[in-house]
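Pasted below: coords_24.cif, mmCIF, C-alpha atoms.
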```
data_coords
loop_
_atom_site.group_PDB
_atom_site.id
_atom_site.type_symbol
_atom_site.label_atom_id
_atom_site.label_comp_id
_atom_site.auth_asym_id
_atom_site.auth_seq_id
_atom_site.Cartn_x
_atom_site.Cartn_y
_atom_site.Cartn_z
ATOM 1 C CA MET A 1 0.000 0.000 0.000
ATOM 2 C CA THR A 2 2.796 2.312 0.848
ATOM 3 C CA SER A 3 4.441 1.727 -2.522
ATOM 4 C CA SER A 4 1.191 2.194 -4.425
ATOM 5 C CA THR A 5 0.318 5.290 -2.405
ATOM 6 C CA ASP A 6 3.691 6.879 -3.067
ATOM 7 C CA THR A 7 3.454 6.333 -6.802
ATOM 8 C CA SER A 8 -0.253 6.627 -7.684
ATOM 9 C CA GLY A 9 -1.572 9.716 -9.434
ATOM 10 C CA GLY A 10 1.789 11.360 -9.405
ATOM 11 C CA GLY A 11 2.177 10.380 -5.720
ATOM 12 C CA PRO A 12 1.160 12.467 -2.752
ATOM 13 C CA VAL A 13 4.739 12.452 -1.495
ATOM 14 C CA GLU A 14 6.035 13.777 -4.774
ATOM 15 C CA GLN A 15 3.220 16.310 -4.909
ATOM 16 C CA ARG A 16 3.998 17.457 -1.381
ATOM 17 C CA ALA A 17 7.684 17.692 -2.272
ATOM 18 C CA GLU A 18 6.884 19.749 -5.355
ATOM 19 C CA ARG A 19 4.578 22.012 -3.347
ATOM 20 C CA ALA A 20 7.267 22.384 -0.676
ATOM 21 C CA GLN A 21 9.809 23.327 -3.304
ATOM 22 C CA ARG A 22 7.382 25.812 -4.864
ATOM 23 C CA VAL A 23 6.572 27.327 -1.444
ATOM 24 C CA ALA A 24 10.243 27.447 -0.572
ATOM 25 C CA GLY A 25 10.903 28.976 -3.963
ATOM 26 C CA VAL A 26 8.257 31.635 -3.364
ATOM 27 C CA VAL A 27 9.891 32.508 -0.043
ATOM 28 C CA ARG A 28 13.418 32.385 -1.369
ATOM 29 C CA VAL A 29 12.923 34.323 -4.598
ATOM 30 C CA PRO A 30 12.205 37.694 -2.971
ATOM 31 C CA ALA A 31 14.919 37.008 -0.415
ATOM 32 C CA GLN A 32 17.591 36.171 -2.956
ATOM 33 C CA PRO A 33 17.531 39.493 -4.820
ATOM 34 C CA GLY A 34 17.569 41.265 -1.467
ATOM 35 C CA ALA A 35 20.532 39.253 -0.272
ATOM 36 C CA ALA A 36 22.331 39.346 -3.582
ATOM 37 C CA ASP A 37 21.487 42.970 -4.217
ATOM 38 C CA GLY A 38 22.306 44.012 -0.674
ATOM 39 C CA GLY A 39 25.850 44.888 -1.692
ATOM 40 C CA ARG A 40 24.655 46.021 -5.089
ATOM 41 C CA GLY A 41 21.932 48.095 -3.432
ATOM 42 C CA GLU A 42 24.458 49.881 -1.261
ATOM 43 C CA ARG A 43 26.876 50.233 -4.133
ATOM 44 C CA GLY A 44 24.030 51.293 -6.409
ATOM 45 C CA SER A 45 22.961 53.868 -3.856
ATOM 46 C CA ARG A 46 26.491 55.182 -3.646
ATOM 47 C CA GLU A 47 26.790 55.171 -7.431
ATOM 48 C CA ARG A 48 23.484 56.999 -7.783
ATOM 49 C CA GLY A 49 24.659 59.478 -5.145
ATOM 50 C CA GLU A 50 27.915 59.977 -7.022
ATOM 51 C CA ARG A 51 26.065 60.387 -10.304
ATOM 52 C CA GLY A 52 23.701 62.810 -8.588
ATOM 53 C CA SER A 53 26.661 64.799 -7.260
ATOM 54 C CA ARG A 54 28.261 64.916 -10.695
ATOM 55 C CA GLU A 55 24.990 65.880 -12.303
ATOM 56 C CA SER A 56 24.401 68.482 -9.622
ATOM 57 C CA GLY A 57 27.794 69.958 -10.353
ATOM 58 C CA GLU A 58 27.119 69.890 -14.092
ATOM 59 C CA ARG A 59 23.588 71.272 -13.943
ATOM 60 C CA GLY A 60 24.196 73.625 -11.022
ATOM 61 C CA SER A 61 20.776 72.808 -9.458
ATOM 62 C CA ARG A 62 18.118 70.124 -9.063
ATOM 63 C CA GLU A 63 14.365 69.964 -8.820
ATOM 64 C CA PRO A 64 12.978 71.012 -5.388
ATOM 65 C CA GLY A 65 12.889 68.163 -2.918
ATOM 66 C CA GLU A 66 15.317 65.923 -4.801
ATOM 67 C CA ARG A 67 18.118 64.599 -2.614
ATOM 68 C CA SER A 68 21.592 65.388 -3.851
ATOM 69 C CA GLU A 69 24.905 66.773 -2.720
ATOM 70 C CA HIS A 70 23.499 70.222 -3.421
ATOM 71 C CA SER A 71 21.705 70.079 -0.071
ATOM 72 C CA TYR A 72 25.069 70.291 1.706
ATOM 73 C CA CYS A 73 25.565 73.836 0.339
ATOM 74 C CA ALA A 74 22.833 75.185 2.590
ATOM 75 C CA PRO A 75 25.086 75.977 5.609
ATOM 76 C CA VAL A 76 27.377 78.117 3.394
ATOM 77 C CA ALA A 77 24.851 80.955 3.011
ATOM 78 C CA PRO A 78 24.696 81.972 6.697
ATOM 79 C CA ARG A 79 28.502 82.064 6.923
ATOM 80 C CA ALA A 80 28.692 84.277 3.838
ATOM 81 C CA ARG A 81 26.075 86.644 5.259
ATOM 82 C CA SER A 82 27.896 86.882 8.595
ATOM 83 C CA VAL A 83 31.111 87.871 6.795
ATOM 84 C CA VAL A 84 29.241 90.606 4.936
ATOM 85 C CA ARG A 85 27.738 91.923 8.155
ATOM 86 C CA ARG A 86 31.107 91.954 9.910
ATOM 87 C CA SER A 87 32.737 93.714 6.972
ATOM 88 C CA SER A 88 29.890 96.245 6.901
ATOM 89 C CA VAL A 89 30.272 97.032 10.608
ATOM 90 C CA ARG A 90 34.013 97.461 10.224
ATOM 91 C CA GLY A 91 33.475 99.779 7.262
ATOM 92 C CA GLN A 92 30.984 101.874 9.190
ATOM 93 C CA ILE A 93 33.328 102.134 12.163
ATOM 94 C CA LEU A 94 36.199 103.043 9.833
ATOM 95 C CA ASP A 95 34.138 105.869 8.324
ATOM 96 C CA ALA A 96 33.119 107.069 11.786
ATOM 97 C CA LEU A 97 36.724 107.055 13.019
ATOM 98 C CA ARG A 98 37.908 108.942 9.941
ATOM 99 C CA ALA A 99 35.207 111.545 10.530
ATOM 100 C CA ALA A 100 36.208 111.798 14.186
ATOM 101 C CA LEU A 101 39.848 112.290 13.185
ATOM 102 C CA ALA A 102 39.037 114.910 10.554
ATOM 103 C CA GLY A 103 36.684 116.717 12.926
ATOM 104 C CA GLY A 104 39.182 116.758 15.776
ATOM 105 C CA GLU A 105 37.045 114.589 18.081
ATOM 106 C CA LEU A 106 39.997 112.233 18.498
ATOM 107 C CA THR A 107 42.817 114.382 19.832
ATOM 108 C CA PRO A 108 46.284 114.048 18.236
ATOM 109 C CA GLY A 109 48.708 112.497 20.716
ATOM 110 C CA ASP A 110 46.009 110.791 22.809
ATOM 111 C CA VAL A 111 45.716 107.012 23.120
ATOM 112 C CA TYR A 112 42.369 105.272 22.599
ATOM 113 C CA SER A 113 41.598 101.637 23.375
ATOM 114 C CA ALA A 114 39.481 99.481 21.103
ATOM 115 C CA PRO A 115 37.106 98.374 23.923
ATOM 116 C CA ALA A 116 36.468 101.994 24.963
ATOM 117 C CA LEU A 117 35.778 103.089 21.389
ATOM 118 C CA GLY A 118 33.643 100.011 20.866
ATOM 119 C CA GLU A 119 31.499 100.991 23.835
ATOM 120 C CA ARG A 120 31.237 104.482 22.425
ATOM 121 C CA PHE A 121 29.984 103.186 19.065
ATOM 122 C CA GLY A 122 27.869 100.394 20.555
ATOM 123 C CA VAL A 123 29.869 97.543 19.001
ATOM 124 C CA SER A 124 32.407 94.998 20.144
ATOM 125 C CA ALA A 125 36.112 95.793 20.223
ATOM 126 C CA THR A 126 36.845 93.575 17.217
ATOM 127 C CA PRO A 127 35.555 95.808 14.370
ATOM 128 C CA VAL A 128 37.083 98.836 16.092
ATOM 129 C CA ARG A 129 40.447 97.108 16.308
ATOM 130 C CA GLU A 130 40.245 96.097 12.638
ATOM 131 C CA ALA A 131 39.338 99.658 11.616
ATOM 132 C CA MET A 132 42.180 101.056 13.716
ATOM 133 C CA GLN A 133 44.605 98.667 12.042
ATOM 134 C CA GLN A 134 43.542 100.105 8.695
ATOM 135 C CA LEU A 135 44.048 103.643 9.994
ATOM 136 C CA ALA A 136 47.488 102.588 11.199
ATOM 137 C CA LEU A 137 48.334 101.470 7.654
ATOM 138 C CA GLU A 138 47.165 104.870 6.420
ATOM 139 C CA GLY A 139 49.396 106.615 8.957
ATOM 140 C CA ALA A 140 46.558 108.257 10.898
ATOM 141 C CA VAL A 141 47.225 106.342 14.132
ATOM 142 C CA GLU A 142 50.005 104.214 15.558
ATOM 143 C CA VAL A 143 49.778 101.060 17.634
ATOM 144 C CA VAL A 144 50.646 101.341 21.329
ATOM 145 C CA PRO A 145 51.224 97.787 22.673
ATOM 146 C CA ASN A 146 48.852 96.744 25.471
ATOM 147 C CA ARG A 147 47.144 100.145 25.430
ATOM 148 C CA GLY A 148 45.503 100.844 22.097
ATOM 149 C CA PHE A 149 46.132 103.360 19.332
ATOM 150 C CA ARG A 150 47.640 106.817 19.469
ATOM 151 C CA VAL A 151 46.388 109.489 17.081
ATOM 152 C CA VAL A 152 49.348 110.745 15.087
ATOM 153 C CA ALA A 153 50.205 114.380 15.718
ATOM 154 C CA ARG A 154 51.459 115.953 12.493
ATOM 155 C CA GLY A 155 53.516 119.109 12.586
ATOM 156 C CA VAL A 156 53.602 121.836 9.967
ATOM 157 C CA ARG A 157 56.804 120.426 8.493
ATOM 158 C CA GLU A 158 55.336 116.950 8.012
ATOM 159 C CA LEU A 159 52.212 118.388 6.404
ATOM 160 C CA SER A 160 54.354 120.460 4.047
ATOM 161 C CA GLU A 161 56.329 117.372 3.079
ATOM 162 C CA LEU A 162 53.132 115.477 2.356
ATOM 163 C CA ALA A 163 51.863 118.397 0.254
ATOM 164 C CA GLU A 164 55.130 118.346 -1.691
ATOM 165 C CA VAL A 165 54.760 114.651 -2.416
ATOM 166 C CA ARG A 166 51.193 115.213 -3.584
ATOM 167 C CA ALA A 167 52.375 118.015 -5.848
ATOM 168 C CA LEU A 168 55.029 115.774 -7.407
ATOM 169 C CA ILE A 169 52.297 113.277 -8.280
ATOM 170 C CA GLU A 170 49.274 115.399 -9.148
ATOM 171 C CA VAL A 171 50.687 118.535 -10.803
ATOM 172 C CA PRO A 172 52.272 116.800 -13.839
ATOM 173 C CA VAL A 173 49.231 114.567 -14.237
ATOM 174 C CA VAL A 174 46.778 117.469 -14.305
ATOM 175 C CA LEU A 175 48.989 119.460 -16.671
ATOM 176 C CA GLY A 176 49.187 116.441 -18.967
ATOM 177 C CA LEU A 177 45.407 116.026 -18.898
ATOM 178 C CA ALA A 178 44.734 119.724 -19.561
ATOM 179 C CA ARG A 179 44.862 119.328 -23.348
ATOM 180 C CA ALA A 180 44.275 115.586 -23.611
ATOM 181 C CA VAL A 181 40.810 115.650 -22.015
ATOM 182 C CA ALA A 182 37.843 117.038 -23.928
ATOM 183 C CA VAL A 183 36.248 120.245 -22.654
ATOM 184 C CA GLU A 184 32.970 118.396 -22.115
ATOM 185 C CA ARG A 185 34.621 115.993 -19.674
ATOM 186 C CA TRP A 186 35.974 118.866 -17.611
ATOM 187 C CA ALA A 187 32.522 120.471 -17.571
ATOM 188 C CA GLU A 188 31.096 117.240 -16.110
ATOM 189 C CA LEU A 189 33.139 117.851 -12.951
ATOM 190 C CA ARG A 190 31.350 121.130 -12.237
ATOM 191 C CA PRO A 191 28.810 119.570 -9.801
ATOM 192 C CA LEU A 192 31.671 118.169 -7.706
ATOM 193 C CA ALA A 193 33.326 121.592 -7.484
ATOM 194 C CA GLU A 194 30.024 123.182 -6.493
ATOM 195 C CA ALA A 195 29.449 120.526 -3.836
ATOM 196 C CA GLY A 196 32.861 121.414 -2.430
ATOM 197 C CA VAL A 197 31.908 125.085 -2.209
ATOM 198 C CA ARG A 198 28.733 124.230 -0.295
ATOM 199 C CA ALA A 199 30.599 121.932 2.089
ATOM 200 C CA ALA A 200 33.286 124.583 2.658
ATOM 201 C CA SER A 201 30.663 127.232 3.350
ATOM 202 C CA SER A 202 29.158 125.031 6.067
ATOM 203 C CA GLY A 203 32.500 125.046 7.871
ATOM 204 C CA CYS A 204 32.360 121.265 8.396
ATOM 205 C CA ARG A 205 35.805 119.837 7.845
ATOM 206 C CA VAL A 206 34.435 116.306 7.574
ATOM 207 C CA ALA A 207 31.968 117.202 4.821
ATOM 208 C CA TYR A 208 34.547 119.266 2.968
ATOM 209 C CA GLY A 209 37.159 116.541 3.292
ATOM 210 C CA GLU A 210 34.857 114.116 1.479
ATOM 211 C CA ALA A 211 33.995 116.678 -1.215
ATOM 212 C CA ASP A 212 37.642 117.639 -1.679
ATOM 213 C CA ARG A 213 38.775 114.047 -2.132
ATOM 214 C CA ALA A 214 35.878 113.339 -4.494
ATOM 215 C CA PHE A 215 36.934 116.233 -6.732
ATOM 216 C CA HIS A 216 40.590 115.187 -6.820
ATOM 217 C CA ARG A 217 39.695 111.545 -7.450
ATOM 218 C CA ALA A 218 37.511 112.579 -10.380
ATOM 219 C CA VAL A 219 40.255 114.759 -11.896
ATOM 220 C CA LEU A 220 42.961 112.109 -11.554
ATOM 221 C CA GLY A 221 40.529 109.400 -12.619
ATOM 222 C CA LEU A 222 40.508 110.912 -16.102
ATOM 223 C CA SER A 223 44.024 109.524 -16.463
ATOM 224 C CA GLY A 224 42.654 105.975 -16.278
ATOM 225 C CA ASN A 225 45.338 105.048 -13.724
ATOM 226 C CA ARG A 226 43.589 103.529 -10.704
ATOM 227 C CA GLN A 227 46.811 103.051 -8.750
ATOM 228 C CA LEU A 228 47.600 106.727 -9.141
ATOM 229 C CA VAL A 229 44.155 107.668 -7.854
ATOM 230 C CA GLN A 230 44.507 105.380 -4.826
ATOM 231 C CA ILE A 231 47.968 106.609 -3.864
ATOM 232 C CA ALA A 232 46.972 110.269 -4.202
ATOM 233 C CA ASP A 233 43.824 109.667 -2.152
ATOM 234 C CA ASP A 234 45.804 107.994 0.630
ATOM 235 C CA LEU A 235 48.188 110.947 0.744
ATOM 236 C CA GLN A 236 45.293 113.367 0.889
ATOM 237 C CA ARG A 237 43.757 111.523 3.827
ATOM 238 C CA ARG A 238 46.986 111.957 5.766
ATOM 239 C CA VAL A 239 47.042 115.666 5.063
ATOM 240 C CA GLN A 240 43.476 116.162 6.233
ATOM 241 C CA VAL A 241 44.120 115.111 9.840
ATOM 242 C CA PRO A 242 43.726 118.439 11.715
ATOM 243 C CA VAL A 243 46.606 119.828 13.782
ATOM 244 C CA GLY A 244 46.897 123.153 15.520
ATOM 245 C CA ASP A 245 47.493 126.079 13.181
ATOM 246 C CA GLY A 246 47.768 123.876 10.086
ATOM 247 C CA ARG A 247 44.013 123.959 9.379
ATOM 248 C CA LEU A 248 42.926 124.595 5.833
ATOM 249 C CA ASP A 249 41.033 127.654 4.662
ATOM 250 C CA LEU A 250 38.166 125.586 3.267
ATOM 251 C CA VAL A 251 36.407 128.303 1.296
ATOM 252 C CA SER A 252 39.602 129.436 -0.428
ATOM 253 C CA ASP A 253 40.535 125.889 -1.352
ATOM 254 C CA ALA A 254 37.066 125.180 -2.778
ATOM 255 C CA ALA A 255 37.237 128.368 -4.856
ATOM 256 C CA GLU A 256 40.500 127.144 -6.378
ATOM 257 C CA HIS A 257 38.723 124.033 -7.644
ATOM 258 C CA GLN A 258 36.182 126.153 -9.489
ATOM 259 C CA ALA A 259 38.837 128.465 -10.915
ATOM 260 C CA LEU A 260 40.857 125.493 -12.122
ATOM 261 C CA LEU A 261 37.842 124.035 -13.922
ATOM 262 C CA ASP A 262 37.173 127.402 -15.585
ATOM 263 C CA ALA A 263 40.755 127.522 -16.877
ATOM 264 C CA LEU A 264 40.657 123.923 -18.094
ATOM 265 C CA ILE A 265 37.409 124.504 -19.964
ATOM 266 C CA ALA A 266 38.832 127.715 -21.481
ATOM 267 C CA ARG A 267 42.018 125.874 -22.534
ATOM 268 C CA ASP A 268 44.127 128.486 -20.770
ATOM 269 C CA ASP A 269 47.282 126.430 -20.267
ATOM 270 C CA VAL A 270 49.224 129.211 -18.559
ATOM 271 C CA LEU A 271 46.496 129.839 -15.995
ATOM 272 C CA VAL A 272 46.048 126.114 -15.456
ATOM 273 C CA ARG A 273 49.720 125.768 -14.520
ATOM 274 C CA VAL A 274 49.568 128.749 -12.156
ATOM 275 C CA LEU A 275 46.436 127.465 -10.415
ATOM 276 C CA VAL A 276 47.636 123.880 -10.113
ATOM 277 C CA GLU A 277 51.013 124.881 -8.671
ATOM 278 C CA SER A 278 49.319 127.373 -6.343
ATOM 279 C CA HIS A 279 46.821 124.775 -5.185
ATOM 280 C CA PHE A 280 49.659 122.599 -3.878
ATOM 281 C CA GLY A 281 51.816 125.485 -2.727
ATOM 282 C CA GLY A 282 50.721 125.469 0.891
ATOM 283 C CA VAL A 283 49.697 123.019 3.572
ATOM 284 C CA ARG A 284 46.717 120.947 2.400
#
```

Could you render the structure from this file as structure tokens?
Amino acid sequence: MTSSTDTSGGGPVEQRAERAQRVAGVVRVPAQPGAADGGRGERGSRERGERGSRESGERGSREPGERSEHSYCAPVAPRARSVVRRSSVRGQILDALRAALAGGELTPGDVYSAPALGERFGVSATPVREAMQQLALEGAVEVVPNRGFRVVARGVRELSELAEVRALIEVPVVLGLARAVAVERWAELRPLAEAGVRAASSGCRVAYGEADRAFHRAVLGLSGNRQLVQIADDLQRRVQVPVGDGRLDLVSDAAEHQALLDALIARDDVLVRVLVESHFGGVR
């Protein structure tokens, strides 16, 4: 009976064995790709990530919500903005310190600490220290170790020497531009000269200092030499630090700008030379 049972109608034993194999096959088939693809899945994921990174670099961006290496750029933006803010604060403090120097609020010879100035301006000592370092490079202050920065006290002789250096740079340049530059270009500088007259009439050395430098930068800028403009502007900043009896007659200086423009527009070379040499003849 056992033999006939095992072999009749395909045999229940064989049928059970076939069903067992099919059931086992059903269980194993999904498992096998998972097991076999486990390494491939991880490698495939890495490969897709690498392809996504390359494609992100090539395309520059992806669709919103898509995962890629581009998402790691997000933290960069806040750092960039913080640098801009810090630079902006330092620039504002630098402008304020320059105004204080030109206006005589910071006394030549006195020492000022970065923390004290920071408290005065409502900022930390860091941007003040950075601004003071820039002023030290410009020669307006000097570093005093463990104390702060001393405002440079310039005597009449030093101011005269600086004016002589400016004259050696600017006089030949202006004389060379007198005929080379079109009359219309000189006429375009008229608003700057008029702004200087208004600033001089107000008696504010800070306002006139800005207007004076703007006029000279515009004149020298017609040469197309940016290095020349920068060097001359740095020299002019040093001259504008107030000291004792070396203060500038603002109204007279502003009037010289207007007279010089009139001569340049009229193509009066002789008068241009006289005015340019006279403009640098005294302490500026």

If we count all atoms listed in the file, what is near Val206 of chain A at a cut-off of 8 Å, once residues fewer than 5 positions away on the same chain are taken out, given as a PyMOL selection string? chain A and resi 99+102-103

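Those residues that approach segment 259-276 of chain A to within 8 Å, counting only C-alpha atoms, are A:Val171, A:Val174, A:Leu175, A:Ala178, A:Arg179, A:Val183, A:Glu184, A:Trp186, A:Ala187, A:Leu189, A:Arg190, A:Ala255, A:Phe280; same-chain residues fewer than 4 positions away are not listed.
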
Quick one: residues within 10 Å of Ala207 of chain A, only C-alpha atoms counted, chain neighbours fewer than 4 positions away excluded, as a list in words?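 Residues near the query, excluding close chain neighbours: Ala99, Ala102, Gly103, Ala195, Gly196, Arg198, Ala199, Ala200, Ser202, Gly203, Ala211 and Asp212 of chain A.
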
I'd like to know which of A:Val173, A:Leu135, A:Val156, A:Val219 is closest to Leu94 of chain A, using only C-alpha atoms. A:Leu135

Selected residue, from A:Val123, A:Leu137, A:Leu177, A:Ala116, that lies nearest to Ser223 of chain A when counting all atoms listed in the file: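 The answer is A:Leu177, which sits nearest to Ser223 of chain A.
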
For Val151 of chain A, work out the shell of residues within 9 Å, counting all atoms listed in the file and skipping chain neighbours fewer than 5 positions away, then give it as number ranges by chain. A: 101, 106-112, 140-142

Separation of atom CA of Gln236 of chain A from atom CA of Gly139 of chain A in Å: 11.3 Å

Produce segment 248-258 of chain A of the given structure as output with all heavy atoms, as a PDB file, in the first residue's frame.
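The resulting file, decode-v8.pdb, is reproduced below:
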```
ATOM      1  N   LEU A 248      43.081 124.091   7.194  1.00  0.00           N
ATOM      2  CA  LEU A 248      42.926 124.595   5.833  1.00  0.00           C
ATOM      3  C   LEU A 248      41.836 125.656   5.768  1.00  0.00           C
ATOM      4  O   LEU A 248      40.817 125.568   6.431  1.00  0.00           O
ATOM      5  CB  LEU A 248      42.562 123.418   4.927  1.00  0.00           C
ATOM      6  CG  LEU A 248      42.230 123.725   3.472  1.00  0.00           C
ATOM      7  CD1 LEU A 248      43.477 124.221   2.753  1.00  0.00           C
ATOM      8  CD2 LEU A 248      41.692 122.481   2.802  1.00  0.00           C
ATOM      9  N   ASP A 249      42.080 126.693   4.963  1.00  0.00           N
ATOM     10  CA  ASP A 249      41.033 127.654   4.662  1.00  0.00           C
ATOM     11  C   ASP A 249      40.113 126.992   3.633  1.00  0.00           C
ATOM     12  O   ASP A 249      40.388 126.995   2.435  1.00  0.00           O
ATOM     13  CB  ASP A 249      41.632 128.945   4.097  1.00  0.00           C
ATOM     14  CG  ASP A 249      40.589 130.016   3.840  1.00  0.00           C
ATOM     15  OD1 ASP A 249      39.383 129.695   3.869  1.00  0.00           O
ATOM     16  OD2 ASP A 249      40.970 131.160   3.585  1.00  0.00           O
ATOM     17  N   LEU A 250      39.014 126.417   4.110  1.00  0.00           N
ATOM     18  CA  LEU A 250      38.166 125.586   3.267  1.00  0.00           C
ATOM     19  C   LEU A 250      37.568 126.356   2.092  1.00  0.00           C
ATOM     20  O   LEU A 250      37.561 125.867   0.956  1.00  0.00           O
ATOM     21  CB  LEU A 250      37.042 124.979   4.114  1.00  0.00           C
ATOM     22  CG  LEU A 250      37.459 124.199   5.369  1.00  0.00           C
ATOM     23  CD1 LEU A 250      36.226 123.613   6.048  1.00  0.00           C
ATOM     24  CD2 LEU A 250      38.453 123.113   5.029  1.00  0.00           C
ATOM     25  N   VAL A 251      37.072 127.542   2.353  1.00  0.00           N
ATOM     26  CA  VAL A 251      36.407 128.303   1.296  1.00  0.00           C
ATOM     27  C   VAL A 251      37.386 128.659   0.184  1.00  0.00           C
ATOM     28  O   VAL A 251      37.070 128.549  -1.010  1.00  0.00           O
ATOM     29  CB  VAL A 251      35.759 129.570   1.877  1.00  0.00           C
ATOM     30  CG1 VAL A 251      35.162 130.438   0.762  1.00  0.00           C
ATOM     31  CG2 VAL A 251      34.669 129.200   2.895  1.00  0.00           C
ATOM     32  N   SER A 252      38.597 129.074   0.567  1.00  0.00           N
ATOM     33  CA  SER A 252      39.602 129.436  -0.428  1.00  0.00           C
ATOM     34  C   SER A 252      39.998 128.220  -1.271  1.00  0.00           C
ATOM     35  O   SER A 252      40.145 128.328  -2.496  1.00  0.00           O
ATOM     36  CB  SER A 252      40.831 130.015   0.265  1.00  0.00           C
ATOM     37  OG  SER A 252      41.861 130.273  -0.666  1.00  0.00           O
ATOM     38  N   ASP A 253      40.146 127.105  -0.630  1.00  0.00           N
ATOM     39  CA  ASP A 253      40.535 125.889  -1.352  1.00  0.00           C
ATOM     40  C   ASP A 253      39.443 125.463  -2.332  1.00  0.00           C
ATOM     41  O   ASP A 253      39.729 125.063  -3.471  1.00  0.00           O
ATOM     42  CB  ASP A 253      40.804 124.769  -0.347  1.00  0.00           C
ATOM     43  CG  ASP A 253      41.495 123.574  -0.994  1.00  0.00           C
ATOM     44  OD1 ASP A 253      42.660 123.712  -1.393  1.00  0.00           O
ATOM     45  OD2 ASP A 253      40.861 122.502  -1.102  1.00  0.00           O
ATOM     46  N   ALA A 254      38.172 125.552  -1.900  1.00  0.00           N
ATOM     47  CA  ALA A 254      37.066 125.180  -2.778  1.00  0.00           C
ATOM     48  C   ALA A 254      36.979 126.115  -3.975  1.00  0.00           C
ATOM     49  O   ALA A 254      36.672 125.674  -5.092  1.00  0.00           O
ATOM     50  CB  ALA A 254      35.753 125.197  -1.996  1.00  0.00           C
ATOM     51  N   ALA A 255      37.276 127.404  -3.753  1.00  0.00           N
ATOM     52  CA  ALA A 255      37.237 128.368  -4.856  1.00  0.00           C
ATOM     53  C   ALA A 255      38.315 128.057  -5.894  1.00  0.00           C
ATOM     54  O   ALA A 255      38.122 128.275  -7.099  1.00  0.00           O
ATOM     55  CB  ALA A 255      37.412 129.782  -4.311  1.00  0.00           C
ATOM     56  N   GLU A 256      39.437 127.514  -5.446  1.00  0.00           N
ATOM     57  CA  GLU A 256      40.500 127.144  -6.378  1.00  0.00           C
ATOM     58  C   GLU A 256      40.055 126.007  -7.303  1.00  0.00           C
ATOM     59  O   GLU A 256      40.457 125.967  -8.470  1.00  0.00           O
ATOM     60  CB  GLU A 256      41.756 126.744  -5.600  1.00  0.00           C
ATOM     61  CG  GLU A 256      42.454 127.925  -4.916  1.00  0.00           C
ATOM     62  CD  GLU A 256      43.687 127.497  -4.151  1.00  0.00           C
ATOM     63  OE1 GLU A 256      44.029 126.285  -4.202  1.00  0.00           O
ATOM     64  OE2 GLU A 256      44.322 128.350  -3.508  1.00  0.00           O
ATOM     65  N   HIS A 257      39.242 125.108  -6.800  1.00  0.00           N
ATOM     66  CA  HIS A 257      38.723 124.033  -7.644  1.00  0.00           C
ATOM     67  C   HIS A 257      37.886 124.608  -8.788  1.00  0.00           C
ATOM     68  O   HIS A 257      38.020 124.189  -9.941  1.00  0.00           O
ATOM     69  CB  HIS A 257      37.863 123.072  -6.817  1.00  0.00           C
ATOM     70  CG  HIS A 257      38.648 122.260  -5.844  1.00  0.00           C
ATOM     71  ND1 HIS A 257      38.041 121.507  -4.856  1.00  0.00           N
ATOM     72  CD2 HIS A 257      39.984 122.056  -5.695  1.00  0.00           C
ATOM     73  CE1 HIS A 257      38.954 120.877  -4.154  1.00  0.00           C
ATOM     74  NE2 HIS A 257      40.151 121.201  -4.641  1.00  0.00           N
ATOM     75  N   GLN A 258      37.025 125.548  -8.456  1.00  0.00           N
ATOM     76  CA  GLN A 258      36.182 126.153  -9.489  1.00  0.00           C
ATOM     77  C   GLN A 258      37.011 126.931 -10.505  1.00  0.00           C
ATOM     78  O   GLN A 258      36.773 126.841 -11.714  1.00  0.00           O
ATOM     79  CB  GLN A 258      35.143 127.076  -8.841  1.00  0.00           C
ATOM     80  CG  GLN A 258      34.033 126.337  -8.115  1.00  0.00           C
ATOM     81  CD  GLN A 258      32.886 127.248  -7.742  1.00  0.00           C
ATOM     82  OE1 GLN A 258      33.088 128.332  -7.184  1.00  0.00           O
ATOM     83  NE2 GLN A 258      31.657 126.826  -8.034  1.00  0.00           N
TER      84      GLN A 258
END
```
